[in-house]
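Engineer: Here it is, the structure, as structure tokens.
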Number of protein chains: 4
Amino acid sequence: MIIVLRPNISKEEEDCVLKEIELRGYKPHVMRGVSRVVIGAVGDEQSHQSLVTLASWKQVESVTRIQKRYKLVSREAQEKNTVITINDQVKIGDKKVHLMAGPCSVENEKQLMHIAENVKKNGATILRGGAFKPRTSPYDFQGLGENGLKLLAKAREATGLAIVTECLSEDHVEMVAEYADIIQIGTRNAQNFQLLIAASHTGKPILLKRGASMRIEEWLLAGEYILSNGNPNLLFCERGIRTFETYTRNTLDLTSIPILKQETHCPIVIDPSQGCGSAKLVESLCIGAVSMGADALLIEVHPDPAHALSDGPQQVTLEDFAKLTKDLKPFLDAVGRE
Amino acid sequence: MIIVLRPNISKEEEDCVLKEIELRGYKPHVMRGVSRVVIGAVGDEQSHQSLVTLASWKQVESVTRIQKRYKLVSREAQEKNTVITINDQVKIGDKKVHLMAGPCSVENEKQLMHIAENVKKNGATILRGGAFKPRTSPYDFQGLGENGLKLLAKAREATGLAIVTECLSEDHVEMVAEYADIIQIGTRNAQNFQLLIAASHTGKPILLKRGASMRIEEWLLAGEYILSNGNPNLLFCERGIRTFETYTRNTLDLTSIPILKQETHCPIVIDPSQGCGSAKLVESLCIGAVSMGADALLIEVHPDPAHALSDGPQQVTLEDFAKLTKDLKPFLDAVGRE
Amino acid sequence: MIIVLRPNISKEEEDCVLKEIELRGYKPHVMRGVSRVVIGAVGDEQSHQSLVTLASWKQVESVTRIQKRYKLVSREAQEKNTVITINDQVKIGDKKVHLMAGPCSVENEKQLMHIAENVKKNGATILRGGAFKPRTSPYDFQGLGENGLKLLAKAREATGLAIVTECLSEDHVEMVAEYADIIQIGTRNAQNFQLLIAASHTGKPILLKRGASMRIEEWLLAGEYILSNGNPNLLFCERGIRTFETYTRNTLDLTSIPILKQETHCPIVIDPSQGCGSAKLVESLCIGAVSMGADALLIEVHPDPAHALSDGPQQVTLEDFAKLTKDLKPFLDAVGRE
Amino acid sequence: MIIVLRPNISKEEEDCVLKEIELRGYKPHVMRGVSRVVIGAVGDEQSHQSLVTLASWKQVESVTRIQKRYKLVSREAQEKNTVITINDQVKIGDKKVHLMAGPCSVENEKQLMHIAENVKKNGATILRGGAFKPRTSPYDFQGLGENGLKLLAKAREATGLAIVTECLSEDHVEMVAEYADIIQIGTRNAQNFQLLIAASHTGKPILLKRGASMRIEEWLLAGEYILSNGNPNLLFCERGIRTFETYTRNTLDLTSIPILKQETHCPIVIDPSQGCGSAKLVESLCIGAVSMGADALLIEVHPDPAHALSDGPQQVTLEDFAKLTKDLKPFLDAVGRE
């Protein structure tokens with residue numbers, strides 16, 4: 001760690017800092033600069049007590065970490081990409097770019113089966129669909145609950161598609177794990193650490209959405225909760241961050257793709273539907289995401305968005321989805337993937 | 001609701017929108033403007049199905065709500081301020097401005113008792129202290145858990161202070177409610193709706209922190225989850241929003257005080273410690289908050305911040321706290337409160 | 001415009017609003033809803049005085065515009081894409097995607113010539129280079145001024161590349177126009193309207209960067225200053241917006257590509273160098289931008305970034321640039337462009 | 001500066017960094033940590049060439065400054081508060097908190113005189129009023145120009161109030177300086193450095209608004225452009241930053257008051273009108289600002305906001321202003337100011 005002292009402090013005040021650094025097991029290197037004294041504290045920041053609390057002392061101007069705070073998710077811990085295998089068939093993080101498609105909410109059997117068959121026909125390998133819905137207002141449709149999960153399982157049986165669905169509650173983790181192939185942790189729960197821990201214990205692959213105001217570092221550390229709790233099957237899913245822009249619902253941060261490729265070995269999924277909140281923009285974002293190296297896309301598809309029970313404006317129609325998958329082909333070729 | 005149609009659409013496309021509006025129980029008023037056709041759909045937006053999904057249609061440019069989405073928390077629902085009474089003594093939202101003070105984390109009995117006695121002596125009526133800590137990194141101190149709660153109860157017994165402490169998990173709601181007088185929902189869980197519902201069912205007063213990227217409307221709607229689940233004892237707590245500024249940990253949005261006074265009848269609490277992340281700024285923020293009408297302050301106090309197990313840099317010392325409470329007096333007088 | 005009245009107002013207060021609406025030349029349509037009275041004011045918002053000031057009245061809850069505020073830059077004003085021709089050769093907005101490449105700052109003749117020849121060899125058609133540099137600190141290198149412009153002109157003569165360079169000051173507009181083929185308005189001056197007007201009067205094509213906290217609508221309106229001052233040759237350049245993320249210097253908003261394609265007929269340029277602030281991320285962003293439909297890329301290239309006089313960390317080397325142009329090819333093919 | 005090297009680099013790569021550090025005049029201190037080599041480069045960062053460009057090298061992970069980048073505006077450069085005297089009477093930064101009040105735009109003589117007399121009667125010492133208006137849309141009212149300045153001068157003559165008004169253009173700096181007592185640099189021009197330099201050369205006091213997405217450090221550096229160009233009379237004016245919140249026009253960052261009191265000796269002014277965009281919130285923000293130590297307030301006042309030619313919704317009426325000045329009194333007393 002690097003500790004910068006304030007100008008014009010006494011020898012005693014400086015010594016007090018040096019003593020504390022040693023007490024916590026670091027070796028201090030003092031550098032006397034032109035306007036400041038800077039102390040490099042050498043030692044393992046991950047196993048020793050942090051020095052950041054020294055910033056509360058009057059004589060300390062700032063304390064800066066050197067080491068990255070995440071370990072298991074980092075490229076340094078594992079150079080090779082993690083490939084996540086689902087039901088012995090779907091391999092995410094490998095050569096094939098996967099399409100996870102389906103309705104925002106599971107509404108009824110007919111709707112779900114119709115969509116499932118249709119997205120499968122157009123190349124999707126994973127069916128998405130919300131059974132438990134986190135809604136901003138308590139008066140909005142909250143999902144079908146376990147009945148929704150049962151319908152998803154039925155759709156898997158009928159089509160062979162794997163299932164990804166959100167889990168909102170520690171109390172539902174077991175239940176969701178029973179039906180789902182991938183457990184989704186939504187953006188509002190991205191730092192609900194108790195839910196992360198509970199979900200990781202199921203052993204099921206976890207799709208961790210980025211929180212709306214999470215820095216990349218915080219997102220990686222949330223992922224660290226999964227791996228450090230014994231579950232190596234983690235997918236990061238970018239879905240847009242909250243900014244001042246109001247034209248779109250969120251600002252999809254596609255730069256997170258090359259950043260995550262640098263920082264972590266886990267696959268990255270892009271959710272353009274939440275990212276922009278507008279069906280008209282989804283195709284272009286899918287093309288960008290695939291070209292930049294996304295391992296999978298998570299797309300909301302609905303046969304009749306105007307009658308959807310949630311998030312109508314951002315769901316693409318079945319026709320749009322068919323067109324989209326066709327339009328993606330040349331970019332998949334360009335990026336050398338399937 | 002107001003539906004704006006795109007220019008140059010056909011009569012059939014327009015009729016289709018009108019029919020759908022009627023089908024959902026609204027009465028359409030068509031206004032033919034210079035460049036657009038605008039339709040006012042008259043009907044109760046809270047009891048009828050929303051029309052926002054129509055934005056997915058090609059012929060629709062935008063759909064805008066008119067009514068506010070929150071009901072029970074709104075000033076329209078209750079004009080008079082809600083006053084929350086704790087242990088028959090502490091009344092929040094009344095004439096007295098309350099100080100909720102204590103360490104970021106409960107660390108041990110000696111620390112807690114020392115702080116409790118000290119903050120009581122300086123005018124605090126409520127003791128804060130984290131037993132369950134949501135930490136960005138899984139490798140940071142996660143709190144003492146139930147042992148921390150027991151220590152808080154002991155401190156209440158010794159001092160008569162009421163207790164506010166955070167609950168992180170639905171599975172701990174009953175346990176936390178057993179020990180605490182006010183259950184805190186932290187910023188990371190502000191839209192963890194299952195936790196909100198579970199906490200509201202305990203009947204205990206709920207202190208709901210604002211999520212780091214929550215708009216005021218979303219915060220009020222999260223509060224609506226508490227009231228609509230039968231718990232009228234809700235406190236909103238502003239603790240800073242996430243912005244591009246890096247000098248402070250967050251940007252404390254003091255404007256939320258007059259806004260909440262307009263929009264809701266529930267008391268408002270300000271947390272300057274999380275708001276700025278720096279002990280040196282806390283006093284000034286407390287003064288601003290009290291002067292602008294806050295009903296309570298939530299302040300992190302630690303006898304030795306450099307050795308705190310969490311968030312050292314933002315905790316004020318016991319001496320700072322004593323000075324702060326003295327310095328607040330003239331502003332309490334100015335605002336006509338105690 | 002849509003005017004929403006507050007609940008429980010008197011007949012006189014309502015009449016007062018209606019009278020004012022008529023006085024300003026609009027025709028009011030009154031809709032009596034469940035909880036609010038809503039008035040649709042029909043009339044041309046672009047030629048009549050706005051009604052937004054009515055929001056200052058006690059009886060008015062909100063006033064919302066219906067019409068878009070930009071005219072000349074909009075797709076409604078011109079359906080066909082604008083193609084900007086420079087020196088009778090370079091056509092931006094047409095089939096070919098153009099590379100604008102060069103150093104952040106023009107440093108000296110040798111540096112510039114070396115870069116110019118090199119980027120030309122690798123397919124660039126336009127040379128970028130700053131002669132006037134807007135620097136956050138007054139103590140940083142401010143550019144070579146007119147000497148820098150002269151060097152750019154020399155490089156054009158030697159290579160045939162067109163020149164794009166920033167103008168910081170109304171007083172330099174004539175001078176910059178004398179040397180440059182495209183005048184760049186930087187992000188810090190994106191709402192320096194006097195500079196926009198002065199630059200537009202030169203008749204030279206204007207590359208208008210997005211301000212760091214500009215909404216799309218405000219950016220389009222800034223562009224409207226160019227077109228409404230008689231200059232039809234406008235290029236919009238996305239260069240990243242300011243968000244809470246600190247991993248990158250800015251957050252490049254690639255969604256602005258499909259949005260601008262919808263809203264305007266002007267070409268769109270992407271600047272990945274400013275967008276991320278890190279050379280390592282530039283190639284991936286270029287690939288995303290081209291795949292999503294950008295008309296040109298603006299890339300900072302330097303033979304020795306560690307010795308650059310400004311913005312070293314985000315400039316790619318000549319080798320990186322050569323690789324990048326090669327790597328872009330398959331994506332250009334995929335998008336059907338050159 | 002602190003340079004962190006990547007793990008697993010060769011001895012040659014490390015030596016190359018050390019050599020470059022020495023070449024630029026710094027003395028390197030090498031610290032071999034557990035997972036990284038960290039180099040402290042001792043030397044004056046303000047007079048030597050920066051090392052930040054080394055971040056472009058493959059073997060370098062990060063480069064961090066130690067020294068603050070601003071000098072003349074800093075508390076370290078001058079411990080005592082700067083007091084700015086205007087017309088030998090008004091002293092800003094001294095014991096009295098000044099009210100700068102007046103219309104958003106100067107509209108006509110009658111309006112201005114009426115407001116000027118009224119705000120004077122209620123305690124204002126400075127008259128604000130826009131003659132040149134930076135408007136988001138080219139179709140909005142752009143101000144009366146020099147005629148507006150003449151009216152302001154007339155109002156000064158009649159009332160003795162000092163004048164603050166915005167300058168938008170380098171070409172108007174002389175003209176504005178002729179009429180105004182304080183030259184305002186608006187938020188859109190806060191990093192229009194050529195305008196800052198030109199304005200500073202007039203010798204007139206400069207009121208520098210914070211840019212909508214400026215970090216505190218960048219704002220201080222923009223102020224440094226004024227002082228380093230020979231003008232010591234600088235006032236910083238906070239007017240709200242751009243965030244995701246849409247309830248208010250901007251988010252007024254009142255924490256900037258204690259921060260600026262720490263970092264700089266220049267007075268701080270708060271503009272609540274722009275800060276919130278809503279007249280109803282202005283009084284509460286004024287109270288907070290004064291209580292937290294603001295040296296002056298900049299308030300938009302209009303006798304008939306609904307007919308204002310700009311920014312109607314955020315202007316308070318004359319009656320509101322009279323009430324506000326009365327309501328501020330106890331808080332001025334509390335803070336020990338007049």
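Labeling convention for the structure tokens: chains A, B, ... as they appear, residues from 1 per chain, ligands from 1 in order of appearance.
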Env of D:Phe132: 10 Å cut, atoms = only C-alpha atoms, seq-sep filter 3 positions within chain, self excluded. Answer as a compact mmCIF listing (two decimals) with N, CA and C atoms, in the first residue's frame.

Structural biologist:
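Saved the output as around.txt:
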```txt
# COMPACT_ATOMS: atom_id res chain seq x y z
N SER D 105 -32.99 35.96 -17.22
CA SER D 105 -32.63 36.85 -18.33
C SER D 105 -33.11 38.27 -18.06
N VAL D 106 -32.29 39.24 -18.47
CA VAL D 106 -32.77 40.63 -18.54
C VAL D 106 -33.75 40.68 -19.70
N GLY D 129 -28.40 38.85 -13.71
CA GLY D 129 -29.29 38.98 -14.85
C GLY D 129 -28.52 38.63 -16.10
N ARG D 135 -28.27 28.84 -24.67
CA ARG D 135 -29.49 28.04 -24.67
C ARG D 135 -29.28 26.73 -25.41
N PHE D 141 -34.82 31.88 -26.81
CA PHE D 141 -34.40 33.27 -26.57
C PHE D 141 -32.94 33.34 -26.13
N GLN D 142 -32.14 34.13 -26.84
CA GLN D 142 -30.70 34.14 -26.61
C GLN D 142 -30.22 35.36 -25.81
N GLY D 143 -31.13 36.14 -25.31
CA GLY D 143 -30.72 37.30 -24.50
C GLY D 143 -30.69 38.58 -25.32
N LEU D 144 -30.66 39.73 -24.59
CA LEU D 144 -30.71 41.04 -25.25
C LEU D 144 -29.33 41.53 -25.68
N GLY D 145 -28.28 40.81 -25.30
CA GLY D 145 -26.93 41.23 -25.69
C GLY D 145 -26.53 42.53 -25.01
N GLU D 146 -25.82 43.40 -25.75
CA GLU D 146 -25.30 44.62 -25.12
C GLU D 146 -26.41 45.48 -24.52
N ASN D 147 -27.59 45.46 -25.15
CA ASN D 147 -28.69 46.22 -24.55
C ASN D 147 -29.01 45.74 -23.14
N GLY D 148 -28.91 44.44 -22.96
CA GLY D 148 -29.13 43.89 -21.62
C GLY D 148 -28.08 44.40 -20.64
N LEU D 149 -26.84 44.46 -21.11
CA LEU D 149 -25.76 44.98 -20.24
C LEU D 149 -26.03 46.43 -19.84
N THR D 165 -22.98 39.11 -14.34
CA THR D 165 -23.64 38.65 -15.57
C THR D 165 -22.70 37.76 -16.36
N GLU D 166 -23.27 36.87 -17.14
CA GLU D 166 -22.47 35.85 -17.82
C GLU D 166 -21.84 36.38 -19.10
N CYS D 167 -20.63 35.89 -19.35
CA CYS D 167 -19.97 36.16 -20.63
C CYS D 167 -19.80 34.83 -21.37
N LEU D 168 -20.26 34.79 -22.60
CA LEU D 168 -20.28 33.54 -23.39
C LEU D 168 -19.15 33.45 -24.37
N SER D 169 -18.51 34.58 -24.65
CA SER D 169 -17.64 34.62 -25.83
C SER D 169 -16.41 35.45 -25.54
N HIS D 172 -16.66 38.97 -26.42
CA HIS D 172 -17.48 39.90 -25.63
C HIS D 172 -16.84 40.24 -24.29
N VAL D 176 -18.37 42.95 -21.76
CA VAL D 176 -19.01 42.56 -20.50
C VAL D 176 -18.28 43.19 -19.32
```

Engineer: Enumerate the residues of stretch 98-293 of chain B with a DSSP assignment of helix (DSSP H, G or I), computed from the backbone, and present them as a PyMOL selection string.

Structural biologist: chain B and resi 109-121+146-159+170-179+187-189+193-201+216-227+256-263+272-276+279-291

Engineer: Please identify all residues of chain D having at least one atom at most 6 Å from any atom of chain B, considering only C-alpha atoms, and return them as an mmCIF file with C-alpha atoms, in the first residue's frame.

Structural biologist:
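Final output, out_14.cif:
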```
data_model
loop_
_atom_site.group_PDB
_atom_site.id
_atom_site.type_symbol
_atom_site.label_atom_id
_atom_site.label_comp_id
_atom_site.auth_asym_id
_atom_site.auth_seq_id
_atom_site.Cartn_x
_atom_site.Cartn_y
_atom_site.Cartn_z
ATOM 1 C CA ARG D 215 -14.932 16.562 -10.613
ATOM 2 C CA GLU D 245 -31.887 11.614 -10.922
ATOM 3 C CA SER D 284 -34.589 24.824 1.582
ATOM 4 C CA GLY D 288 -28.664 24.331 3.769
ATOM 5 C CA SER D 291 -25.722 26.753 7.285
ATOM 6 C CA MET D 292 -22.879 24.810 5.702
ATOM 7 C CA PRO D 330 -31.869 32.460 12.142
ATOM 8 C CA PHE D 331 -29.480 30.277 10.141
ATOM 9 C CA ALA D 334 -26.500 30.126 13.898
#
```

Engineer: Among the residues of stretch 55-264 of chain D, find those DSSP assigns to strand (DSSP E or B) from the backbone and print them as a PyMOL selection string.

Structural biologist: chain D and resi 60-64+74+84-86+90-92+98-102+105+126-128+130+162-166+182-185+206-209+234-238+241+251+264

Engineer: Tell me, in Å to one decimal, how far atom CA of C:Ser310 is from atom CA of C:Ser137.

Structural biologist: 11.7 Å

Engineer: One decimal, in Å: what's the spacing between atom CA of A:Leu234 and atom CA of A:Leu196?

Structural biologist: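 Distance between the two atoms: 11.0 Å.
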
Engineer: Excluding C:Asn192 and residues on its chain fewer than 5 positions from it, collect all residues at most 8 Å away from it, counting only C-alpha atoms, and give them as a list in words.

Structural biologist: Pro134, Leu168, Arg188, Asn189 and Asn192 of chain D

Engineer: Print the selection's residues with N, CA, C and O atoms to a file, as a short mmCIF file (atom, residue, chain, number, x, y, z; two decimals), in the first residue's frame.

Structural biologist:
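File written: selection-v3.cif
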```
data_model
loop_
_atom_site.label_atom_id
_atom_site.label_comp_id
_atom_site.auth_asym_id
_atom_site.auth_seq_id
_atom_site.Cartn_x
_atom_site.Cartn_y
_atom_site.Cartn_z
N PRO D 134 -26.78 31.21 -22.87
CA PRO D 134 -26.43 29.98 -23.60
C PRO D 134 -27.62 29.04 -23.56
O PRO D 134 -27.97 28.51 -22.52
N LEU D 168 -20.26 34.79 -22.60
CA LEU D 168 -20.28 33.54 -23.39
C LEU D 168 -19.15 33.45 -24.37
O LEU D 168 -18.92 32.39 -24.95
N ARG D 188 -21.55 25.52 -19.00
CA ARG D 188 -21.19 24.95 -20.32
C ARG D 188 -19.80 25.40 -20.78
O ARG D 188 -19.21 24.81 -21.66
N ASN D 189 -19.33 26.50 -20.20
CA ASN D 189 -18.02 27.04 -20.59
C ASN D 189 -16.97 26.86 -19.50
O ASN D 189 -15.90 27.46 -19.56
N ASN D 192 -13.95 25.95 -21.05
CA ASN D 192 -13.61 26.73 -22.25
C ASN D 192 -12.44 27.61 -21.83
O ASN D 192 -12.59 28.76 -21.42
#
```

Engineer: If we count only C-alpha atoms, what is near stretch 59-62 of chain B at a cut-off of 10 Å, once residues fewer than 5 positions away on the same chain are taken out, given as number ranges by chain?

Structural biologist: A: 313; B: 2-10, 13-14, 16-17, 36-38, 52-54; C: 66

Engineer: I need the chosen residues saved as a PDB file, in the first residue's frame, with C-alpha atoms.

Structural biologist:
```
ATOM      1  CA  PRO A 313     -41.227  -2.112 -25.027  1.00  0.00           C
TER       2      PRO A 313
ATOM      3  CA  ILE B   2     -50.528  10.107 -23.024  1.00  0.00           C
ATOM      4  CA  ILE B   3     -49.793   8.184 -26.213  1.00  0.00           C
ATOM      5  CA  VAL B   4     -47.956   9.975 -29.008  1.00  0.00           C
ATOM      6  CA  LEU B   5     -48.254   8.419 -32.458  1.00  0.00           C
ATOM      7  CA  ARG B   6     -45.547   8.522 -35.096  1.00  0.00           C
ATOM      8  CA  PRO B   7     -46.060  10.856 -38.049  1.00  0.00           C
ATOM      9  CA  ASN B   8     -47.407   9.519 -41.346  1.00  0.00           C
ATOM     10  CA  ILE B   9     -49.116   6.384 -40.093  1.00  0.00           C
ATOM     11  CA  SER B  10     -52.232   4.917 -41.659  1.00  0.00           C
ATOM     12  CA  GLU B  13     -52.681   1.793 -37.488  1.00  0.00           C
ATOM     13  CA  GLU B  14     -54.246   4.640 -35.548  1.00  0.00           C
ATOM     14  CA  CYS B  16     -55.688  -0.206 -33.801  1.00  0.00           C
ATOM     15  CA  VAL B  17     -54.222   1.913 -30.987  1.00  0.00           C
ATOM     16  CA  ARG B  36     -48.174  14.436 -34.311  1.00  0.00           C
ATOM     17  CA  VAL B  37     -51.415  12.821 -33.206  1.00  0.00           C
ATOM     18  CA  VAL B  38     -51.578  12.664 -29.434  1.00  0.00           C
ATOM     19  CA  VAL B  52     -46.783   1.461 -21.658  1.00  0.00           C
ATOM     20  CA  THR B  53     -46.434  -1.788 -23.577  1.00  0.00           C
ATOM     21  CA  LEU B  54     -47.967  -0.054 -26.596  1.00  0.00           C
TER      22      LEU B  54
ATOM     23  CA  ILE C  66     -44.607  16.406 -27.450  1.00  0.00           C
TER      24      ILE C  66
END
```

Engineer: Work out how far atom CA of C:Glu263 is from atom CA of B:Arg32, in Å to one decimal.

Structural biologist: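 One can read the atom CA of B:Arg32 to atom CA of C:Glu263 distance as 22.6 Å.
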
Engineer: List the spatial neighbours of stretch 222-230 of chain A as number ranges by chain - criterion: any atom at most 6 Å away, only C-alpha atoms, same-chain residues fewer than 3 positions off excluded.

Structural biologist: A: 73, 200, 219; B: 138
